[in-house]
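Structure record follows, encoded as structure tokens.
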Amino acid sequence: MARMKHVDREEGRAYWMMVLPAFLIYLLVMAFPIILSAVLSVSDYSGGKMFGGERWGFAGFGQYARVFADPFFWNAFKNNMYVVLISVFGQLPLGFIFAYIIYRRLVKWPDFWQTVLYVPNIISIIVVGLLWQTIFSPNGPIGEIMNNMYRHDFQEQLRAILGPASGFTVTDSMVRRILELAGPAGASQFGDPFPELKSLILSFGTSGPDGYQQLVDGLTNLFVQKWSPQFLNKPDVAMLPVLFVILWMYTGMYLILFLANMQKIDTQIIESARIDGAREGQVMRYIILPSLSGTVVNSAILAISGSLSSFALIFAMTGGGPSRVTEIISIYMYNNAFLGRPNFALANAIALITVAISFLLIMLTKALEKRFGGKEE
Amino acid sequence: MSEELKTGFLARAGVALAKALAYTIMIVFTVMTLYPIVWLIINSFKTTQEFQVSQLGFPKEPTFQNYTLAWEFGDFGKLFPNSLIYTIGATAGIIVLSLLAGFAFAKIKSRATKPIYASFVIGILLTVNTLMIPLFLEMTLLGLYDTRLAVLLVYIGAGLPTGVYLATEFIKGIPTALVESARIDGAGFFRIFWKIILPMAAPVATTLAILNITGIWNEFALINILVSKTELKSLPLGIFKFSGSLSTDYGKQFAALTIGMAPMLIFYMVFRKQITKGVAAGAVKG
């Protein structure tokens, strides 16, 4: 009896020595901040020393009312929802298609595609954000690609009007058609378009292929406006590149998830179904999709919780701008805490609202699991 | 007979078409995935002046100058060791603490297990980024703002929910008889952990290492609010210096981004098999 007690005590001591280090750090990093943020969100604390500094105390639930009345909060919330939607209806289906193609061996070198498509996940989010910021900027390569295409197109049409380089003569109808090609923007560069353009063309001296090429280049430079891409600095479209990059970055992760779970399906089931005359579509419909329903639910939940926690990509790519249109909740919270006059009470109210959304999500998970049965693993 | 031949031909034509479509899809998306990265690396060898004239194409006279300038301006000589300390320290902490707690939860009976384990599982979906403001205030309150300890504690705490969950579920699969017979032979729990559990838990430890090494090396949101001294900053914070007003000094920025990208790309190339496996195993929601 006494020995049993001794064993029990040793067991208990070992248990707590193993559990407590992890549990205390977990409490420090996850639980205590939630309590702190609950306290501060109903206070008038405004920074500085928390104890022994300026006095602060209870100030009511006004910050919550302020958050819910703030259109910028709802804008950020809406953007979070866009991130969820692009994940669920963009990344998941694309990831599924890639995984299916690799799994059913429609392409060779399965490892190669999987490895390459996962690469964006491995790169620092800050690098990804700054890289795409440059790509979408007015000085980025998209502008040059589009301008090259447009110039090329314009020169083709111009050559069609001018005819071959040999035996080239300037006629009135030719000048008129070039004016038409240039459009009103081109014509507006002249005071009196027709005679001025005609004398300009004649001044090139169209002798030989060199002169001809100079004429083509000169007219192209004159009439083709350099287009500079405006994506991230236009409030009405700025969210689109952000969503594109999110799609670019994380689709590979869902490819990995789907493929790993497809590979758990017993291949004999598929083979014998094929021998029994099942078509590929039927294999997909009756074998592959049902065994992945758990993974789909799982992935959707990861997408939602991922959207609530995402911060760095948008922080680096747009900083929430222009004029705050690309803010998501985490950036909205950060800006309220650290930009301008810090409002820690408000920021903590936002933190707590996000935590509440997370808890709702966890309950939703449990409900979905009951409904669809947790078949995955 | 001829009917059969015909359907055989149609089926083969269908397969060929499906394969062509599959290759098209895979090639298009592979190019889309890799092109921006390759473009970045190529342009990091151009001067900013050359880049402004031509954003496509190869550099006329490749220059390495961007790299030396970016390395100096970004203080990468200081940030690299910091990133290593945070990544290795926090990953090791997560693995050890998760396995210890996992062993206790899985193999030692206690009434405390149910609520404590459940609280860890809830934490899997409760992402720490949400708590960055209270965490900043808490660390300031504790006098830990601008210390390595704060960064390590937060990273370990953030990694524990998934770590404890995976470790517990894995150790549950180790036969209890092994633990019990060692107990009868008089071994203490820490000895059993060291001699039996740790060697057998290598697969789950690998998964945790993979998940946390990539995650912590690239982490930005939390360390951004925990430290402000250059001596304590990690690589992603250094790279972020090349944004804003400096973002038009393209040559330097591209070099900095390439420097930031390289270590993980190399890590990925070496461990890609383990990484993709680990990601699939670690995508849990509790």
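Residues in the structure tokens are numbered from 1 in each chain, the chains being A, B, ... in the order shown, and ligands are numbered from 1 in the order shown.
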
Counting only C-alpha atoms, collect the residues of chain B whose closest atom lies at most 6 Å from chain A, and write them out as a ChimeraX atom specification. /B:19,55,97,100-101,104,127,129-130,134-135,154,157,218,221,257,261,280

For the residues in that selection, give me C-alpha atoms as a PDB file, in the first residue's frame.
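Done, and the output landed in result-v2.pdb:
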ATOM      1  CA  LYS B  19      -2.478  13.666 -71.468  1.00  0.00           C
ATOM      2  CA  GLN B  55      13.063  44.839 -67.317  1.00  0.00           C
ATOM      3  CA  LEU B  97       8.692  20.161 -24.961  1.00  0.00           C
ATOM      4  CA  LEU B 100       7.773  15.410 -23.161  1.00  0.00           C
ATOM      5  CA  ALA B 101       4.189  16.611 -22.836  1.00  0.00           C
ATOM      6  CA  ALA B 104       2.930  12.338 -20.330  1.00  0.00           C
ATOM      7  CA  THR B 127      -3.208  31.634 -34.482  1.00  0.00           C
ATOM      8  CA  ASN B 129      -0.699  36.511 -35.157  1.00  0.00           C
ATOM      9  CA  THR B 130      -4.135  37.448 -33.915  1.00  0.00           C
ATOM     10  CA  PRO B 134      -1.455  41.973 -26.483  1.00  0.00           C
ATOM     11  CA  LEU B 135       1.777  39.977 -26.914  1.00  0.00           C
ATOM     12  CA  VAL B 154       6.717  33.344 -28.547  1.00  0.00           C
ATOM     13  CA  GLY B 157       4.492  28.915 -27.644  1.00  0.00           C
ATOM     14  CA  ASN B 218      10.451  33.047 -42.684  1.00  0.00           C
ATOM     15  CA  ALA B 221       4.624  39.414 -38.165  1.00  0.00           C
ATOM     16  CA  LEU B 257      15.337  39.459 -51.960  1.00  0.00           C
ATOM     17  CA  MET B 261      15.199  33.527 -50.643  1.00  0.00           C
ATOM     18  CA  ALA B 280       0.966  16.810 -45.367  1.00  0.00           C
TER      19      ALA B 280
END

Could you pull the residues within 7 Å of stretch 106-116 of chain B, counting only C-alpha atoms, minus those fewer than 6 positions along the same chain, as a PDB file with C-alpha atoms, in the first residue's frame?
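The result, stored in part37.pdb:
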ATOM      1  CA  TYR A  15       3.799  13.887 -15.206  1.00  0.00           C
TER       2      TYR A  15
ATOM      3  CA  THR B 168       0.687  12.873 -28.342  1.00  0.00           C
ATOM      4  CA  ILE B 171       3.235   8.356 -28.888  1.00  0.00           C
ATOM      5  CA  LYS B 172      -0.229   6.871 -28.319  1.00  0.00           C
ATOM      6  CA  THR B 176       2.111   0.733 -23.746  1.00  0.00           C
TER       7      THR B 176
END

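Taking atom CA of A:Tyr250 as the reference point, atom CA of A:Ser87 is found at 8.2 Å.
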
Quick one: residues within 10 Å of stretch 77-93 of chain B, only C-alpha atoms, excluding same-chain residues fewer than 3 positions away - as JSON, numbers by chain? {"A": [22], "B": [71, 72, 73, 74, 96, 97, 98, 99, 148, 149, 151, 152, 153, 154, 155, 156, 157, 158, 159, 160, 205, 208, 209, 210, 211, 212, 213, 214, 215, 216, 217, 218, 219, 230, 231, 232, 233, 234, 235, 236, 237, 238, 239, 260, 263]}

What lies within 9 Å of A:Tyr45 using only C-alpha atoms, ignoring chain neighbours under 6 positions off, as a ChimeraX atom specification? /A:54-58,343-345

Selected residues written out, N, CA and C atoms, as a short mmCIF file (atom, residue, chain, number, x, y, z; two decimals), in the first residue's frame:
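Writing done, so here's out.cif:
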data_model
loop_
_atom_site.label_atom_id
_atom_site.label_comp_id
_atom_site.auth_asym_id
_atom_site.auth_seq_id
_atom_site.Cartn_x
_atom_site.Cartn_y
_atom_site.Cartn_z
N GLU A 54 0.99 56.32 -15.79
CA GLU A 54 -0.28 57.02 -15.77
C GLU A 54 -1.39 56.07 -15.31
N ARG A 55 -2.32 56.58 -14.50
CA ARG A 55 -3.39 55.69 -14.02
C ARG A 55 -4.37 55.41 -15.16
N TRP A 56 -4.88 54.20 -15.16
CA TRP A 56 -5.90 53.87 -16.13
C TRP A 56 -6.91 52.93 -15.50
N GLY A 57 -8.09 52.88 -16.03
CA GLY A 57 -9.11 52.05 -15.40
C GLY A 57 -10.21 51.66 -16.39
N PHE A 58 -11.33 51.22 -15.84
CA PHE A 58 -12.44 50.73 -16.66
C PHE A 58 -13.07 51.86 -17.47
N ASN A 343 -3.91 53.55 -30.31
CA ASN A 343 -5.11 53.30 -29.52
C ASN A 343 -5.11 51.83 -29.13
N PHE A 344 -4.46 51.53 -28.01
CA PHE A 344 -4.30 50.13 -27.62
C PHE A 344 -5.62 49.51 -27.19
N ALA A 345 -6.51 50.31 -26.60
CA ALA A 345 -7.80 49.77 -26.20
C ALA A 345 -8.55 49.26 -27.43
#

Using only C-alpha atoms, which protein or nucleic acid residues come within 12 Å of stretch 277-286 of chain A? Drop anything in the same chain fewer than 2 positions from it, and give the result as a ChimeraX atom specification. /A:96-97,100-101,103-104,106,262,265,267,269-275,288-293 /B:11,14-15,18

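Considering the residues B:Tyr117, B:Ile223, B:Phe267, B:Phe103 and counting only C-alpha atoms, B:Met200 has its shortest atom-to-atom contact with B:Phe103.
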